[in-house]
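See structure below.
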Protein chains: 2
Amino acid sequence: MTESPVRYEIVHICRQSGARRGILHTPHGSVETPVFMPVGTQATVKTMTPDEVKSLGAGIILANTYHLWMRPGPEIISEAGGLHTFMNWQQAILTDSGGFQVFSLSDTRQISERGVQFRSHIDGSQHELTPELAIDIQTALGSDIIMQLDECADWKQDKIYIKASLERTLRWLERCMQRHKNHRQQALFGIIQGGVYPELRKLSAEQTVSFDLPGYAIGGLSVGEPVDLMYQMLEAVQEVLPVDKPRYLMGVGSPDYLIEGSIRGIDMFDCVLPTRLGRNGTVLTGRGKITVRNAEYARDFSPLDQECQCYVCQNYTRAYIRHLIKANEILGLRLTTWHNVYFLLNLMQKIREAISNNELLDFRDEFFARFGYTVV
Amino acid sequence: MTESPVRYEIVHICRQSGARRGILHTPHGSVETPVFMPVGTQATVKTMTPDEVKSLGAGIILANTYHLWMRPGPEIISEAGGLHTFMNWQQAILTDSGGFQVFSLSDTRQISERGVQFRSHIDGSQHELTPELAIDIQTALGSDIIMQLDECADWKQDKIYIKASLERTLRWLERCMQRHKNHRQQALFGIIQGGVYPELRKLSAEQTVSFDLPGYAIGGLSVGEPVDLMYQMLEAVQEVLPVDKPRYLMGVGSPDYLIEGSIRGIDMFDCVLPTRLGRNGTVLTGRGKITVRNAEYARDFSPLDQECQCYVCQNYTRAYIRHLIKANEILGLRLTTWHNVYFLLNLMQKIREAISNNELLDFRDEFFARFGYTVV
């Protein structure tokens, strides 16, 4: 058995919270954890160059297999020399399996044991995503971390359905492992499902961990369920997961979730939140979100966030950015996105420091109080 | 009489073509001429940060008085400390009078001796632009070079109309000069009109020059008239214009016009061409324009322009940029725009070098042959 190309090294455990600080080693560099991975859906973190993303301190991004499969197609990316070369990003990349988009973008999908049939959101063409194909596409993309195909079931489904679904997800994991050959360059992570049932989450975690994979993801959360249920699910799997493997909470990235997830042992996060908020003219600040496109900022010549050290806050005012957004100028979206991505990467840095200082619970309480969150 | 805040210094006259190489001194730095001014219509060169525009070598940009008047309004920009501070651009700025947009964007405008009545293209509200107001708004913007209000008459109008129009433009110039008080920071340029009638162009030039202004613009060209007529108009005014003042050909920026204009003594150009082409997925290369969004570039892993030294050509491929544009990703527009602005700024550098080397006609012939232009 070859050593995994992706390894997790634990650096410190916060004595106050139990949160883990560590290092994730990949074929394209090492990143400190807990880490936030900006999302580069279509081989670009929306509005930003790869250089800019790197300059903000990001060492790993996520790209979406479904989108790249549909456009430009894995053949072109493979011909370019893989996704790193295609988009000129020399740091690490994690790709999802494509399953989540198939479930969320296509309203005519059909799940069978073999895989998922669906229609493209671009041209309506018919496709089938199988565990094997998910691996084949990710092999062509050449990402450092690849994900198994899983079923992301609706969290409101009953326990019987959720159990059947997680068992199928486990069988799909086996098929993914069978298909995965590129062990030197790409590490396959399994995905824990189980809806909002602690015992099913535990069962899924135990079964997934039994395959001894280089990393484990927790899927199907932050999809509309009450936040306390999400935290319970994280707590349910926490003791089952091995300490020497990275733990990735999929699709989660609001400041409160990043902090609470870290407290519950999560090492990796991804979310479109900073880019999506940015495109809506909303920015994150230490004192909560503000929608800078609103009229109240028309004559506000202060930066987006008074205490922020990012390029945007050092160079531009709310009034200017508001003008750009109102005038439909792309630079407006660039600046709000830039600031938001910086904000979350900077938040992760503060979380890591708080772990090292054994004070992550204190940090949470202070951050929540200023931001306007209530501790659940 | 105070010395003008904007001065032109002649450096060399090309012995082969008669083209002028010089330096334009402004309160916000000096720029080498002939110069291309990227257009920052709404206080932003579309898709680019001011830092990026500067990094490409631009020392002066143009902003549109009409657009900034309508949104965010001169009061807000004045409150911010002027346009330089508002958009964080510390190099020179030229603003137009707003007249061209009033004539081109509004189909219900009414011209009188007093000014132009029109409806806003944003909300349909009724406004009147007078010579005095054009100065007042530009005073609030604080640009280094401000333009008189002129009438940009349809070039197909008969000689009687064109003559009456240029005479009104001269009367409007007098009113602009009366209103203009900020002589230490802002230089007022007059605009030569006269349609496609050489004798009217000459008359307009003589009359405008008689006001002894710090610079002279040539307006109403490159608006659909045959190209040889445009060159004739430039030649008609060339001998009338004083050698110690800058000459600005408004709204012109295709590579052939930049070269032919320089040959005919022009020092300053502006055009939305590089940004507009970029947004359409078209880029300028030494071998002509290519539309990189076309299918033929899907697997083309070469740069936009093999011989280009710009950041885009050093880091990204046609295949990647095509993918971004097809996927409606903002980064695609950023990269094509970036390259196009670089291309024109770089072309101006080559023109200036060819002037110094007394070989601008040779340069034109070689450039035209490779680009695919025919010398008129």
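Ligands are numbered from 1 in the order shown, chains are lettered A, B, ... in the order of the structure tokens, and residues start at 1 in each chain.
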* Just the residues within 10 Å of Gly81 of chain B, please, counting only C-alpha atoms, with nothing from its chain fewer than 4 positions along; format it as a list in words. => Phe301 of chain A; Glu75, Ile76, Ile77, Thr85, Phe86, Ala140, Leu141 and Gly142 of chain B
* Would you list, as number ranges by chain, the residues of segment 90-303 of chain A that end up in helix (DSSP H, G or I) under DSSP run on this structure's backbone? => A: 99-105, 131-141, 159-179, 198-209, 227-238, 255-263, 273-279, 295-297
Residue list for chain A near chain B as a PDB file with N, CA and C atoms, in the first residue's frame, 10 Å, only C-alpha atoms:
```
ATOM      1  N   GLN A  42     -15.986  27.038 -11.471  1.00  0.00           N
ATOM      2  CA  GLN A  42     -15.714  26.776 -12.888  1.00  0.00           C
ATOM      3  C   GLN A  42     -14.245  27.053 -13.215  1.00  0.00           C
ATOM      4  N   ALA A  43     -13.359  26.581 -12.322  1.00  0.00           N
ATOM      5  CA  ALA A  43     -11.913  26.792 -12.495  1.00  0.00           C
ATOM      6  C   ALA A  43     -11.539  28.257 -12.335  1.00  0.00           C
ATOM      7  N   THR A  44     -12.294  28.982 -11.508  1.00  0.00           N
ATOM      8  CA  THR A  44     -11.952  30.358 -11.136  1.00  0.00           C
ATOM      9  C   THR A  44     -12.739  30.715  -9.888  1.00  0.00           C
ATOM     10  N   VAL A  45     -12.046  31.244  -8.898  1.00  0.00           N
ATOM     11  CA  VAL A  45     -12.742  31.821  -7.743  1.00  0.00           C
ATOM     12  C   VAL A  45     -13.353  33.115  -8.258  1.00  0.00           C
ATOM     13  N   LYS A  46     -14.649  33.170  -8.309  1.00  0.00           N
ATOM     14  CA  LYS A  46     -15.348  34.193  -9.083  1.00  0.00           C
ATOM     15  C   LYS A  46     -14.773  35.591  -8.873  1.00  0.00           C
ATOM     16  N   THR A  47     -14.479  36.240  -9.960  1.00  0.00           N
ATOM     17  CA  THR A  47     -13.950  37.609 -10.103  1.00  0.00           C
ATOM     18  C   THR A  47     -12.447  37.728  -9.827  1.00  0.00           C
ATOM     19  N   MET A  48     -11.795  36.692  -9.277  1.00  0.00           N
ATOM     20  CA  MET A  48     -10.401  36.819  -8.848  1.00  0.00           C
ATOM     21  C   MET A  48      -9.438  36.047  -9.738  1.00  0.00           C
ATOM     22  N   THR A  49      -8.205  36.567  -9.876  1.00  0.00           N
ATOM     23  CA  THR A  49      -7.161  35.770 -10.513  1.00  0.00           C
ATOM     24  C   THR A  49      -6.617  34.791  -9.483  1.00  0.00           C
ATOM     25  N   PRO A  50      -6.052  33.680  -9.940  1.00  0.00           N
ATOM     26  CA  PRO A  50      -5.391  32.755  -9.008  1.00  0.00           C
ATOM     27  C   PRO A  50      -4.318  33.466  -8.170  1.00  0.00           C
ATOM     28  N   ASP A  51      -3.589  34.397  -8.773  1.00  0.00           N
ATOM     29  CA  ASP A  51      -2.575  35.138  -8.010  1.00  0.00           C
ATOM     30  C   ASP A  51      -3.184  35.899  -6.846  1.00  0.00           C
ATOM     31  N   HIS A  67     -19.549  21.062 -12.762  1.00  0.00           N
ATOM     32  CA  HIS A  67     -19.463  22.203 -13.681  1.00  0.00           C
ATOM     33  C   HIS A  67     -18.353  21.999 -14.711  1.00  0.00           C
ATOM     34  N   LEU A  68     -17.208  21.494 -14.272  1.00  0.00           N
ATOM     35  CA  LEU A  68     -16.084  21.322 -15.202  1.00  0.00           C
ATOM     36  C   LEU A  68     -16.328  20.161 -16.160  1.00  0.00           C
ATOM     37  N   ARG A  71     -18.597  21.758 -18.689  1.00  0.00           N
ATOM     38  CA  ARG A  71     -17.959  22.842 -19.442  1.00  0.00           C
ATOM     39  C   ARG A  71     -16.660  23.210 -18.785  1.00  0.00           C
ATOM     40  N   PRO A  72     -15.503  23.093 -19.357  1.00  0.00           N
ATOM     41  CA  PRO A  72     -15.238  22.774 -20.765  1.00  0.00           C
ATOM     42  C   PRO A  72     -15.156  21.285 -21.060  1.00  0.00           C
ATOM     43  N   GLY A  73     -15.309  20.420 -20.050  1.00  0.00           N
ATOM     44  CA  GLY A  73     -15.172  18.976 -20.216  1.00  0.00           C
ATOM     45  C   GLY A  73     -13.808  18.514 -19.745  1.00  0.00           C
ATOM     46  N   GLU A  75     -11.808  16.318 -20.872  1.00  0.00           N
ATOM     47  CA  GLU A  75     -10.808  16.058 -21.905  1.00  0.00           C
ATOM     48  C   GLU A  75      -9.925  17.284 -22.110  1.00  0.00           C
ATOM     49  N   ILE A  76     -10.555  18.447 -22.231  1.00  0.00           N
ATOM     50  CA  ILE A  76      -9.791  19.674 -22.470  1.00  0.00           C
ATOM     51  C   ILE A  76      -8.877  19.976 -21.286  1.00  0.00           C
ATOM     52  N   ILE A  77      -9.386  19.782 -20.082  1.00  0.00           N
ATOM     53  CA  ILE A  77      -8.561  20.076 -18.898  1.00  0.00           C
ATOM     54  C   ILE A  77      -7.412  19.079 -18.804  1.00  0.00           C
ATOM     55  N   GLU A  79      -6.041  17.568 -21.353  1.00  0.00           N
ATOM     56  CA  GLU A  79      -5.115  17.946 -22.431  1.00  0.00           C
ATOM     57  C   GLU A  79      -4.234  19.128 -22.018  1.00  0.00           C
ATOM     58  N   ALA A  80      -4.809  20.028 -21.228  1.00  0.00           N
ATOM     59  CA  ALA A  80      -4.047  21.195 -20.756  1.00  0.00           C
ATOM     60  C   ALA A  80      -2.981  20.789 -19.750  1.00  0.00           C
ATOM     61  N   GLY A  81      -3.072  19.549 -19.227  1.00  0.00           N
ATOM     62  CA  GLY A  81      -2.124  19.100 -18.218  1.00  0.00           C
ATOM     63  C   GLY A  81      -2.745  19.040 -16.835  1.00  0.00           C
ATOM     64  N   THR A  85      -2.700  23.315 -14.078  1.00  0.00           N
ATOM     65  CA  THR A  85      -2.100  24.000 -15.224  1.00  0.00           C
ATOM     66  C   THR A  85      -3.152  24.793 -15.986  1.00  0.00           C
ATOM     67  N   PHE A  86      -4.317  24.189 -16.181  1.00  0.00           N
ATOM     68  CA  PHE A  86      -5.377  24.843 -16.958  1.00  0.00           C
ATOM     69  C   PHE A  86      -5.678  26.227 -16.396  1.00  0.00           C
ATOM     70  N   MET A  87      -5.814  26.312 -15.065  1.00  0.00           N
ATOM     71  CA  MET A  87      -6.179  27.605 -14.467  1.00  0.00           C
ATOM     72  C   MET A  87      -4.989  28.337 -13.867  1.00  0.00           C
ATOM     73  N   ASN A  88      -3.805  27.754 -13.994  1.00  0.00           N
ATOM     74  CA  ASN A  88      -2.577  28.361 -13.469  1.00  0.00           C
ATOM     75  C   ASN A  88      -2.655  28.602 -11.965  1.00  0.00           C
ATOM     76  N   TRP A  89      -3.016  27.562 -11.251  1.00  0.00           N
ATOM     77  CA  TRP A  89      -3.070  27.583  -9.785  1.00  0.00           C
ATOM     78  C   TRP A  89      -2.155  26.454  -9.305  1.00  0.00           C
ATOM     79  N   ILE A 122     -27.239  23.243 -18.424  1.00  0.00           N
ATOM     80  CA  ILE A 122     -26.851  24.161 -19.510  1.00  0.00           C
ATOM     81  C   ILE A 122     -27.698  23.922 -20.751  1.00  0.00           C
ATOM     82  N   ALA A 298     -23.949  55.939   0.604  1.00  0.00           N
ATOM     83  CA  ALA A 298     -23.620  56.773  -0.558  1.00  0.00           C
ATOM     84  C   ALA A 298     -22.540  57.815  -0.238  1.00  0.00           C
ATOM     85  N   ARG A 299     -22.543  58.337   0.977  1.00  0.00           N
ATOM     86  CA  ARG A 299     -21.563  59.366   1.368  1.00  0.00           C
ATOM     87  C   ARG A 299     -20.680  58.887   2.508  1.00  0.00           C
ATOM     88  N   ASP A 300     -20.518  57.581   2.601  1.00  0.00           N
ATOM     89  CA  ASP A 300     -19.704  57.017   3.677  1.00  0.00           C
ATOM     90  C   ASP A 300     -18.293  56.772   3.127  1.00  0.00           C
ATOM     91  N   PHE A 301     -17.375  57.662   3.517  1.00  0.00           N
ATOM     92  CA  PHE A 301     -16.028  57.595   2.961  1.00  0.00           C
ATOM     93  C   PHE A 301     -15.071  56.799   3.850  1.00  0.00           C
ATOM     94  N   ASN A 315      -7.645  50.851   0.467  1.00  0.00           N
ATOM     95  CA  ASN A 315      -7.605  51.692  -0.730  1.00  0.00           C
ATOM     96  C   ASN A 315      -8.932  52.283  -1.197  1.00  0.00           C
ATOM     97  N   TYR A 316     -10.052  51.723  -0.754  1.00  0.00           N
ATOM     98  CA  TYR A 316     -11.336  52.171  -1.303  1.00  0.00           C
ATOM     99  C   TYR A 316     -12.359  52.406  -0.196  1.00  0.00           C
ATOM    100  N   THR A 317     -13.315  53.265  -0.504  1.00  0.00           N
ATOM    101  CA  THR A 317     -14.340  53.614   0.481  1.00  0.00           C
ATOM    102  C   THR A 317     -15.665  52.909   0.177  1.00  0.00           C
ATOM    103  N   ALA A 319     -18.414  54.460  -0.091  1.00  0.00           N
ATOM    104  CA  ALA A 319     -19.104  55.304  -1.074  1.00  0.00           C
ATOM    105  C   ALA A 319     -18.686  54.927  -2.496  1.00  0.00           C
ATOM    106  N   TYR A 320     -17.390  54.715  -2.709  1.00  0.00           N
ATOM    107  CA  TYR A 320     -16.916  54.361  -4.049  1.00  0.00           C
ATOM    108  C   TYR A 320     -17.431  52.985  -4.452  1.00  0.00           C
ATOM    109  N   ILE A 321     -17.347  52.026  -3.531  1.00  0.00           N
ATOM    110  CA  ILE A 321     -17.783  50.660  -3.851  1.00  0.00           C
ATOM    111  C   ILE A 321     -19.291  50.634  -4.085  1.00  0.00           C
ATOM    112  N   ARG A 322     -20.027  51.402  -3.272  1.00  0.00           N
ATOM    113  CA  ARG A 322     -21.468  51.487  -3.513  1.00  0.00           C
ATOM    114  C   ARG A 322     -21.753  52.041  -4.909  1.00  0.00           C
ATOM    115  N   HIS A 323     -21.042  53.110  -5.276  1.00  0.00           N
ATOM    116  CA  HIS A 323     -21.219  53.681  -6.620  1.00  0.00           C
ATOM    117  C   HIS A 323     -20.961  52.627  -7.694  1.00  0.00           C
ATOM    118  N   LEU A 324     -19.876  51.879  -7.553  1.00  0.00           N
ATOM    119  CA  LEU A 324     -19.536  50.865  -8.561  1.00  0.00           C
ATOM    120  C   LEU A 324     -20.645  49.826  -8.683  1.00  0.00           C
ATOM    121  N   LYS A 326     -23.870  50.130  -7.806  1.00  0.00           N
ATOM    122  CA  LYS A 326     -25.069  50.746  -8.375  1.00  0.00           C
ATOM    123  C   LYS A 326     -24.916  50.935  -9.882  1.00  0.00           C
ATOM    124  N   ALA A 327     -23.695  51.231 -10.328  1.00  0.00           N
ATOM    125  CA  ALA A 327     -23.444  51.480 -11.750  1.00  0.00           C
ATOM    126  C   ALA A 327     -23.141  50.183 -12.506  1.00  0.00           C
ATOM    127  N   ASN A 328     -23.365  49.041 -11.854  1.00  0.00           N
ATOM    128  CA  ASN A 328     -23.116  47.726 -12.472  1.00  0.00           C
ATOM    129  C   ASN A 328     -21.686  47.551 -12.955  1.00  0.00           C
ATOM    130  N   GLU A 329     -20.753  48.117 -12.235  1.00  0.00           N
ATOM    131  CA  GLU A 329     -19.353  47.993 -12.620  1.00  0.00           C
ATOM    132  C   GLU A 329     -18.736  46.755 -11.970  1.00  0.00           C
ATOM    133  N   ILE A 330     -18.052  45.962 -12.785  1.00  0.00           N
ATOM    134  CA  ILE A 330     -17.446  44.714 -12.324  1.00  0.00           C
ATOM    135  C   ILE A 330     -16.487  44.949 -11.162  1.00  0.00           C
ATOM    136  N   LEU A 331     -15.797  46.083 -11.179  1.00  0.00           N
ATOM    137  CA  LEU A 331     -14.853  46.345 -10.095  1.00  0.00           C
ATOM    138  C   LEU A 331     -15.546  46.311  -8.735  1.00  0.00           C
ATOM    139  N   GLY A 332     -16.804  46.710  -8.677  1.00  0.00           N
ATOM    140  CA  GLY A 332     -17.536  46.655  -7.409  1.00  0.00           C
ATOM    141  C   GLY A 332     -17.614  45.232  -6.869  1.00  0.00           C
ATOM    142  N   LEU A 333     -17.960  44.278  -7.734  1.00  0.00           N
ATOM    143  CA  LEU A 333     -18.049  42.879  -7.321  1.00  0.00           C
ATOM    144  C   LEU A 333     -16.678  42.330  -6.955  1.00  0.00           C
ATOM    145  N   ARG A 334     -15.667  42.771  -7.689  1.00  0.00           N
ATOM    146  CA  ARG A 334     -14.303  42.326  -7.387  1.00  0.00           C
ATOM    147  C   ARG A 334     -13.914  42.757  -5.977  1.00  0.00           C
ATOM    148  N   LEU A 335     -14.209  44.005  -5.641  1.00  0.00           N
ATOM    149  CA  LEU A 335     -13.745  44.531  -4.357  1.00  0.00           C
ATOM    150  C   LEU A 335     -14.507  43.914  -3.185  1.00  0.00           C
TER     151      LEU A 335
END
```
* Secondary structure check, strand (DSSP E) residues of segment 45-263 of chain A, as number ranges by chain -> A: 60-63, 92-95, 110-111, 116-119, 126-129, 145-147, 187-192, 216-218, 247-249
Could the residues of segment 261-284 of chain A that have an atom at most 12 Å from segment 210-218 of chain A be listed as CSV, each with its closest atom pair and the distance in Å to one decimal, counting only C-alpha atoms and ordered by chain and ascending residue number?
```
residue,atom,partner,partner_atom,distance
A:Gly261,CA,A:Ile218,CA,11.0
A:Gly265,CA,A:Ile218,CA,11.6
A:Ile266,CA,A:Ala217,CA,9.3
A:Asp267,CA,A:Ala217,CA,9.9
A:Met268,CA,A:Ala217,CA,8.7
A:Phe269,CA,A:Ala217,CA,9.6
A:Asp270,CA,A:Ala217,CA,11.2
```
Any chance you can output those residues with C-alpha atoms as a CSV table (one decimal), in the first residue's frame?
```csv
chain,number,residue,atom,x,y,z
A,261,GLY,CA,-17.1,23.6,13.4
A,265,GLY,CA,-12.8,19.2,15.5
A,266,ILE,CA,-13.3,20.2,11.9
A,267,ASP,CA,-10.1,20.9,9.9
A,268,MET,CA,-11.4,21.9,6.5
A,269,PHE,CA,-14.3,24.0,5.2
A,270,ASP,CA,-15.5,25.3,1.9
```
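Once Ala63 of chain B and its same-chain neighbours fewer than 3 positions away are set aside, B:Val39, B:Gly40, B:Thr41, B:Gln42, B:Ala43, B:Ile93, B:Leu94, B:Thr95, B:Asp96 remain within 8 Å of it when counting only C-alpha atoms.
For the choices B:Leu241, B:Ile355, B:Leu284, B:Gly115, the atom-to-atom distance to Pro255 of chain B is smallest for B:Leu284 when using only C-alpha atoms.
Proximity to Ser112 of chain B was assessed for B:Thr130, B:Thr26, B:Gln157, B:Ser356 counting only C-alpha atoms; the smallest distance is recorded for B:Thr130.
Excluding Arg352 of chain B and any residue on its chain fewer than 5 positions from it, the residues at most 8 Å away by only C-alpha atoms are Arg21, Thr33 and Pro34 of chain B.
Minimum distance to Thr337 of chain B across B:Met230, B:Leu273, B:Glu235, B:Gly372 (counting only C-alpha atoms) occurs at B:Leu273.
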* Structure fact -> Counting only C-alpha atoms, the residue among A:Gln306, A:Thr208, A:Asn64, A:Asn294 that lies closest to Phe189 of chain A is A:Thr208
* Asked: What's the 12 Å shell around Leu234 of chain B, counting only C-alpha atoms, without same-chain residues fewer than 3 positions away, as a ChimeraX atom specification?
  -> /B:192-199,201-202,205,217-222,227-231,237-241,247-250,257,260-266
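For the pair atom CA of Thr275 of chain B and atom CA of Thr336 of chain B, the separation is 8.1 Å.
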* **Surrounding residues of segment 143-154 of chain A excluding itself and chain neighbours under 4 positions, 7 Å, only C-alpha atoms, as a PyMOL selection string** => chain A and resi 26-27+83+92-97+99-100+131+134+138+162+165+169+172-173+176+185-191+219-220
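What separates atom CA of Leu200 of chain A from atom CA of Gln16 of chain A is a distance of 28.6 Å.
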